[in-house]
Structures are given as structure tokens and as C-alpha cells.
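Colleague: Before anything else, here's the structure in question.
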Amino acid sequence: MRLPVHLGLLTAAALIPVVVFSSLALRMLQAEHRAAALRSIHETARATSLTVDREIHGAQSSLRALATSDALAGGDFQAFHDAASRAAAGAGAWVILYDERGQQLVNTRLPFGSPLPVRTRPEQVVEVLARNAPAVSPLMWGSALQRQTIAVDIPVVLAGGRRYVLSQHFLPEYFNGVFRPGLVPPSWIAGVFDRQGVAIARSHRAAELVGKPAKEDTLAMILAGREGMLQHQARDGIEVFDSFARSGLSGWTVVIGAPVAEIEAQARQAIYVAVGGLLAALAFAVVLASVVARRLVRTIGAAADAAAGLGAGRVPAPAPSSGVDEIDSLHGAIASAGAILSGERAARADSEAERARLLESAQAARALAETQNQAKDQFLAMLGHELRNPLNAISGAISVIELHAAKPAAQANPAGLAKARAILRRQSEHLTHIVDDLLDLSRVMSGKVRLEKRPIDLAALAGACVDTLRATGRARGHQLLLEAEPVWVDADATRLEQVLTNLLDNALKYTPAGGQVAVQVGVDGEWAVLRVRDSGVGIAPALLPHIFDVFVQGDNSLERAKGGMGIGLSLVQRLVALHLGAVSARSGGPGTGSEFVVRLPATARRPGAPAAAAARQP
């Protein structure tokens, strides 16, 4: 056997293990990449199902709030129609009130007083009342709309045995919003199916397939109520990995399908790179072995010629040096294979780090959602207390008035009646203030507030607010100070007065009797500056960064009279932002008081505008 063949066998013996282990490593990498991709698909399906649950839960919460409406309790359906119209979820959703037979009494999609039909399936109303529990309907045909709709129903039982079903109806396309671009890639196929396997929403071909049952294999998974993975051909003719996740509130199923070709292409790309590098290494080893073999053959041939010449008596020529390049070539091949494997390990580590980052991001998003949901639940519980207390007082005052009305005129107690009427007036004003704050915040957050700006002297406005507080006695027991210099701003006087009143109410609320509340108006460069300082309980450092977040309240151990609803300061921040200004809060901690600073763009006094009020001294 010739020397080149030996060298070839030696090279092959060195490279075969590298090729085998590289193939095993590439196969493992491909399997791990596919498993990670399938986990990502299932996590996307679960996240989408949580989004569906959040929509259903939001609708149920809104309906429960409407169920406590005074207008509904009093049988004033027109007032209830107005309240329900304001509470509707937006485009594609409306509220309907049914009686026990399924007859519509109120429909916010139609003007009040319009003829209203009976529900297409009145037995659903009967079932909700019999179970006395919320329900989510499957996709059903609306005879009046001539469209498919979905209903979220809750039972309502009022005094006197009156029973209703309050529903929020949705068009199917409302739920297309759950397929957020950042959550579901455009190439993936996503769908939401009701308990019978009928499509409610789809990310592709929605107009064609919504309202139709799923494919046989998909339908079998949905009806079996299983979560998991299914590889099959979608209606679009694409082979997909389908992940199934169920919604706990509605019983619907979310199906996320990722094209098999897309998942496999990512793994094949990594394999192609590795195989290319391996083939390059093999070619290099073969060429190097051939070069070394030729050099050795020449060296041995020269030695043979030299031996023949020595036998003939001739002086042999110097033999060329072999250099033992075979060993160096073997080490070079192994080093090349090692470099390839090292590159694959680095790519795998990067992939693991990316998956860990995505998991951490998903966990952070979930924690944020849970925190926001908890804040919302706390707000609703607190709102119930805030509404119940004045309602109890109003109920008691009404009882007192009815008691006096039943007595003869000689036994009437004018002082008691006057006190009852004062309670009614005060508690009604308190309820009006709560509702106004909620509506104002809702309008600001939805962008429905329109400012009517005009030149305003901020010092005069502050003085008027302080005078009002003093005149109404709301500052009784506190030392209320004002130090102001004229400064003009372009602002909506009503909204700016609302900002200052909220800040002053907040300061008086959290400042013990005998404490001091100081208002200061001045100029800082191009800014008009309004400061409200108090000597009250202060703000904890942990709460200070979130003091302007909606629904954030201070220490829950405070009595309800001082607890607040967590919307006043958020409303202040948003109204100031609408005026192109900023508001900030400062406090040294509990017991050190607090300071709120509002900055608004200052402007020159306009011709014809009224003069500024004189600054009031403490």
C-alpha cells in the first residue's frame, strides 16, 4: 500500500469521530431548538387566553358596577340607558338589559324608546337566572343585527323580587384585538373558538372563517377540552404546530399555529452553517495530506537516488526536509473541528440566554398585570365603601323624614327635619363629587376632554380657591396661608381650578387639625409655578414614585374619611399635562409633610384681560 493511501486513512481515522460527534451535537441542537420553539408557541397561546380572560373579566366587572345603579333600582330605564351607554366598552360592544322572559328592556346600541326584540335564545336568560351566576354565551345569531354576536351575562336580583339579566354584547371582530402584533408574529395563525368549536376570531381570513366550526382534528381537541400541541395542516394549506390553551372564564379555546417550515428553517440554518464548516475542514485536510504525501515521496525518491548514486560512487545530493507536516495537519484538523464545535456551543448559549430573557420579560409582564389587577380590585372594594357610606346616611335621613311626615304637625320636629335635609344635601354632594372625579378621570384617560383656554391670572385663581375653602368652612381647624404674585397663563379656568382644589383637598385631608397648608404662586423663568405645602403626615419613600398612578392610595390603615380613592392626584397630573405643564411631589417621609409643585408655561398678559388680584398675605 502506497504512502498517500496510508496518510489518507490516517486523516480519515482522525476526522471520522469529529464528524460523528458533530452530527450528534447538531441533532441535539436541532431537537432542543424545536422544543424551545414549541414552548414559545404554547406560552403565546396561554398569554392570549389570559388576554381573553381579562376582556371577559372587564366586561363582568363593568356589568356588576351597572347592576348597582340607582336608576336600575328605581326602575328609571332611561337614566339607566344613559349610564350604560357611558359604561359600554367601545366600538363593537353594547349593553342590553333583559327581563325574566328574555325581552329587551334597554339596548345602548339603539336610542332609548326604540322598539326592542326578544333575545334570539331566551332560554339562555332563564338558565343564567336559574344558576344565579355569570355566563358567557357561545357565538349566536342576532336577529336584529343580522350578525353573529357574543354575550357576557350576569344575573341581577333587586328588592321586591325583580330579576333581570344584564348583558354586554360583542361583535366577533372585537376579540381580534387579543392578537397583538408584539405577541403573535404575523406569519403565525391564531384563532379563538367557543365551547362548540366555532371560530370567534382569527388572525387570518377572519371574514371568511369566523362563525364556522374548526377542522375535524382541531374540533376534536377543542371538544375534548384538552390543552397541548397538534401538528397538522391548517385550512390555509400550511403545515403548522398548533398549541391549544383554554380560557378559564369563558371556556373558549385559543389556538396558536406556527408554520412547521418556519420552525424547522431556523434549526436548518444553524445546521447548514455547521455542515459547511465541517466540509471545508475535510477539504482542507485532504489537500494538506496530498501536499505532505508528495513532499514525502519526493524526499524518499531523493533518498533512493542518493543510495543508488552512493552505490555507483557518486556523492548524493542533499535530501529535502520532510518537516513532519502530517502531525501538524492532524492537529490543525482537530483544531478546526474544535472551533466549529465551540461556535455551535456559543450559539446555543446565546439561544438559552435569549429564551431566559423572554421568560423573564413574560414573568415581569405577568407580575405587572397581577399588580394592576390587584390595584383595580382594591379600588373597586374601596369604591363600594365610598358609595355605601353616603348611601346609608341618605337612607337614614329619608327614614327620619318619613317618620316625621307620618306624625301630626304638632309633633313634628323642625330641627330634626332640617338636620335630615342637611345630611341628604351633604351626602348627595359627596356622591356627586365621587362620580364627577370618576367621570373626569375617564374622560381625560380616553382623550375626550377639550380645554377652553384663555388668559388667566394664576394668583387670582389661587386666591379665589382659598377664599372658597375658607367661606365653606372646609379649612376649619387648619391654618391656610397664601402668598402669590401675579403670573399669567393660557389655561382652562375650570380645569385649573379643579387641579388646585384637588391639591388643597388632599393637603387638608392629610394634615391634622391645627396644621398648616401654604399656597405659593410665583414665576421661575418661563414657568408659572404653583406650590402647595402642608405639615401633614407626609409620603412614604416607597409610595412617592407612584403617587400619581391611577388607583394608588396611601396607607390603608388610615380611616376611610382620609383613605381617598387614588384618582385625585392622577387626575391632577393628567390635567396639568393637557396644559403642557408638569406636576411633582416631594416629601421627607412620614410625619414631615409634603409639597406638590405645578409648573405651567407662563405667558404675557393679554390686552383687555382683567387685572390680577392682589397677593393675599397670611
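So you can find residues: chains in the C-alpha cells are A, B, ... in the order shown, residues in each start at 1, and ligands are numbered from 1 in order.
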For Trp141 (chain A), work out the shell of residues within 10 Å, counting only C-alpha atoms and skipping chain neighbours fewer than 2 positions away, then give it as a list in words.

Modeller: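 So, after excluding close chain neighbours, the residues are Arg119, Thr120, Arg121, Pro138, Leu139, Ser143, Ala144, Leu145, Gln146, Arg147, Gln148, Thr149, Ile150 and Gly211 of chain A.
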
Colleague: Within 9 Å of Arg454 (chain A), counting only C-alpha atoms, which residues show up once you throw out same-chain ones fewer than 2 positions away? Write them as an MDAnalysis selection string, please.

Modeller: chainID A and resid 452 456 489:493

Colleague: Using the selection just defined, write its residues with C-alpha atoms as a CSV table (one decimal), in the first residue's frame.

Modeller:
chain,number,residue,atom,x,y,z
A,452,GLU,CA,-61.2,76.2,26.6
A,456,ILE,CA,-55.8,83.6,33.5
A,489,VAL,CA,-51.1,81.5,31.9
A,490,ASP,CA,-53.2,80.3,28.9
A,491,ALA,CA,-55.4,77.7,30.6
A,492,ASP,CA,-58.9,76.4,31.1
A,493,ALA,CA,-60.1,78.1,34.3

Colleague: Do you have the CA of Ala199 (chain A)-CA of Phe175 (chain A) distance handy?

Modeller: 11.0 Å

Colleague: Would you please work out which residue, of A:Leu166, A:Leu171, A:Ala245, A:Ala159, is nearest to Gly191 (chain A) when using only C-alpha atoms?

Modeller: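 Result for the nearest residue to Gly191 (chain A): A:Ala245.
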
Colleague: Among region 215-266 of chain A, which residues does DSSP mark as helix (DSSP H, G or I) when it is run on the backbone? Keep the chain and numbering as in the structure and answer as a PyMOL selection string.

Modeller: chain A and resi 216-224+260-266

Colleague: With only C-alpha atoms as the counted atoms, please give the residues lying no more than 8 Å from Leu480 (chain A), apart from itself and same-chain residues fewer than 4 positions off, as a VMD selection string.

Modeller: chain A and resid 466 475 516 to 519 618

Colleague: If you measure from CA of Gly257 (chain A) to CA of Asp350 (chain A), what distance in Å do you get, rounded to one decimal?

Modeller: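 For CA of Gly257 (chain A) relative to CA of Asp350 (chain A), the distance reads 25.4 Å.
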
Colleague: Given only C-alpha atoms as the basis, pick out the residue of A:Pro545, A:Pro455, A:Gly522, A:Gly248 nearest to Leu50 (chain A).

Modeller: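 Between A:Pro545, A:Pro455, A:Gly522, A:Gly248, the residue approaching Leu50 (chain A) most closely is A:Gly248.
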
Colleague: Do a neighbour search on Tyr98 (chain A) at 10 Å with only C-alpha atoms, toss out local chain neighbours closer than 4 positions, and write the hits as a list of chain:residue names.

Modeller: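 Everything that qualifies: A:Gly102, A:Gln103, A:Gln104, A:Leu105, A:Val106, A:Asn107, A:Val118, A:Arg119, A:Pro122, A:Val125, A:Asp153, A:Pro155, A:Val156, A:Arg163, A:Tyr164, A:Val165, A:Leu166, A:Ser167.
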
Colleague: Atoms to include: N, CA, C and O atoms. Write the selected residues as a PDB file, in the first residue's frame.

Modeller:
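Written file, result-v5.pdb:
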ATOM      1  N   GLY A 102     -86.565  37.176  28.669  1.00  0.00           N
ATOM      2  CA  GLY A 102     -85.642  37.430  27.568  1.00  0.00           C
ATOM      3  C   GLY A 102     -86.015  38.645  26.738  1.00  0.00           C
ATOM      4  O   GLY A 102     -85.399  38.906  25.706  1.00  0.00           O
ATOM      5  N   GLN A 103     -87.063  39.413  27.160  1.00  0.00           N
ATOM      6  CA  GLN A 103     -87.450  40.629  26.451  1.00  0.00           C
ATOM      7  C   GLN A 103     -86.431  41.734  26.764  1.00  0.00           C
ATOM      8  O   GLN A 103     -86.087  41.976  27.914  1.00  0.00           O
ATOM      9  N   GLN A 104     -85.933  42.396  25.715  1.00  0.00           N
ATOM     10  CA  GLN A 104     -85.012  43.504  25.923  1.00  0.00           C
ATOM     11  C   GLN A 104     -85.761  44.699  26.512  1.00  0.00           C
ATOM     12  O   GLN A 104     -86.825  45.093  26.006  1.00  0.00           O
ATOM     13  N   LEU A 105     -85.188  45.280  27.568  1.00  0.00           N
ATOM     14  CA  LEU A 105     -85.752  46.485  28.182  1.00  0.00           C
ATOM     15  C   LEU A 105     -84.917  47.713  27.862  1.00  0.00           C
ATOM     16  O   LEU A 105     -85.450  48.812  27.730  1.00  0.00           O
ATOM     17  N   VAL A 106     -83.599  47.541  27.773  1.00  0.00           N
ATOM     18  CA  VAL A 106     -82.670  48.638  27.458  1.00  0.00           C
ATOM     19  C   VAL A 106     -81.640  48.074  26.502  1.00  0.00           C
ATOM     20  O   VAL A 106     -81.122  46.973  26.697  1.00  0.00           O
ATOM     21  N   ASN A 107     -81.329  48.835  25.457  1.00  0.00           N
ATOM     22  CA  ASN A 107     -80.297  48.439  24.480  1.00  0.00           C
ATOM     23  C   ASN A 107     -79.521  49.693  24.104  1.00  0.00           C
ATOM     24  O   ASN A 107     -80.047  50.590  23.448  1.00  0.00           O
ATOM     25  N   VAL A 118     -87.151  40.330  21.434  1.00  0.00           N
ATOM     26  CA  VAL A 118     -86.835  39.306  22.426  1.00  0.00           C
ATOM     27  C   VAL A 118     -85.500  38.676  22.045  1.00  0.00           C
ATOM     28  O   VAL A 118     -85.140  38.600  20.863  1.00  0.00           O
ATOM     29  N   ARG A 119     -84.751  38.243  23.021  1.00  0.00           N
ATOM     30  CA  ARG A 119     -83.465  37.593  22.753  1.00  0.00           C
ATOM     31  C   ARG A 119     -83.673  36.372  21.849  1.00  0.00           C
ATOM     32  O   ARG A 119     -84.661  35.633  22.001  1.00  0.00           O
ATOM     33  N   PRO A 122     -84.006  32.910  24.287  1.00  0.00           N
ATOM     34  CA  PRO A 122     -84.399  33.361  25.633  1.00  0.00           C
ATOM     35  C   PRO A 122     -84.084  32.339  26.716  1.00  0.00           C
ATOM     36  O   PRO A 122     -84.011  32.675  27.892  1.00  0.00           O
ATOM     37  N   VAL A 125     -81.317  33.307  29.047  1.00  0.00           N
ATOM     38  CA  VAL A 125     -81.671  34.204  30.156  1.00  0.00           C
ATOM     39  C   VAL A 125     -82.203  33.386  31.328  1.00  0.00           C
ATOM     40  O   VAL A 125     -81.833  33.592  32.496  1.00  0.00           O
ATOM     41  N   ASP A 153     -73.164  37.582  30.299  1.00  0.00           N
ATOM     42  CA  ASP A 153     -74.381  37.789  31.087  1.00  0.00           C
ATOM     43  C   ASP A 153     -74.079  37.695  32.572  1.00  0.00           C
ATOM     44  O   ASP A 153     -73.274  36.863  33.010  1.00  0.00           O
ATOM     45  N   PRO A 155     -76.586  37.773  36.372  1.00  0.00           N
ATOM     46  CA  PRO A 155     -77.934  37.912  36.924  1.00  0.00           C
ATOM     47  C   PRO A 155     -78.007  39.128  37.848  1.00  0.00           C
ATOM     48  O   PRO A 155     -77.035  39.473  38.527  1.00  0.00           O
ATOM     49  N   VAL A 156     -79.174  39.772  37.874  1.00  0.00           N
ATOM     50  CA  VAL A 156     -79.396  40.925  38.755  1.00  0.00           C
ATOM     51  C   VAL A 156     -80.696  40.678  39.505  1.00  0.00           C
ATOM     52  O   VAL A 156     -81.760  40.510  38.882  1.00  0.00           O
ATOM     53  N   ARG A 163     -86.141  40.522  38.914  1.00  0.00           N
ATOM     54  CA  ARG A 163     -84.947  39.824  38.419  1.00  0.00           C
ATOM     55  C   ARG A 163     -84.720  40.211  36.953  1.00  0.00           C
ATOM     56  O   ARG A 163     -85.663  40.241  36.155  1.00  0.00           O
ATOM     57  N   TYR A 164     -83.466  40.506  36.656  1.00  0.00           N
ATOM     58  CA  TYR A 164     -83.066  40.859  35.301  1.00  0.00           C
ATOM     59  C   TYR A 164     -81.784  40.092  34.953  1.00  0.00           C
ATOM     60  O   TYR A 164     -81.102  39.553  35.818  1.00  0.00           O
ATOM     61  N   VAL A 165     -81.463  40.131  33.701  1.00  0.00           N
ATOM     62  CA  VAL A 165     -80.142  39.674  33.219  1.00  0.00           C
ATOM     63  C   VAL A 165     -79.517  40.853  32.487  1.00  0.00           C
ATOM     64  O   VAL A 165     -80.114  41.399  31.541  1.00  0.00           O
ATOM     65  N   LEU A 166     -78.343  41.242  32.950  1.00  0.00           N
ATOM     66  CA  LEU A 166     -77.605  42.364  32.357  1.00  0.00           C
ATOM     67  C   LEU A 166     -76.499  41.778  31.480  1.00  0.00           C
ATOM     68  O   LEU A 166     -75.702  40.953  31.948  1.00  0.00           O
ATOM     69  N   SER A 167     -76.466  42.191  30.215  1.00  0.00           N
ATOM     70  CA  SER A 167     -75.545  41.582  29.244  1.00  0.00           C
ATOM     71  C   SER A 167     -74.733  42.657  28.554  1.00  0.00           C
ATOM     72  O   SER A 167     -75.233  43.766  28.302  1.00  0.00           O
TER      73      SER A 167
END
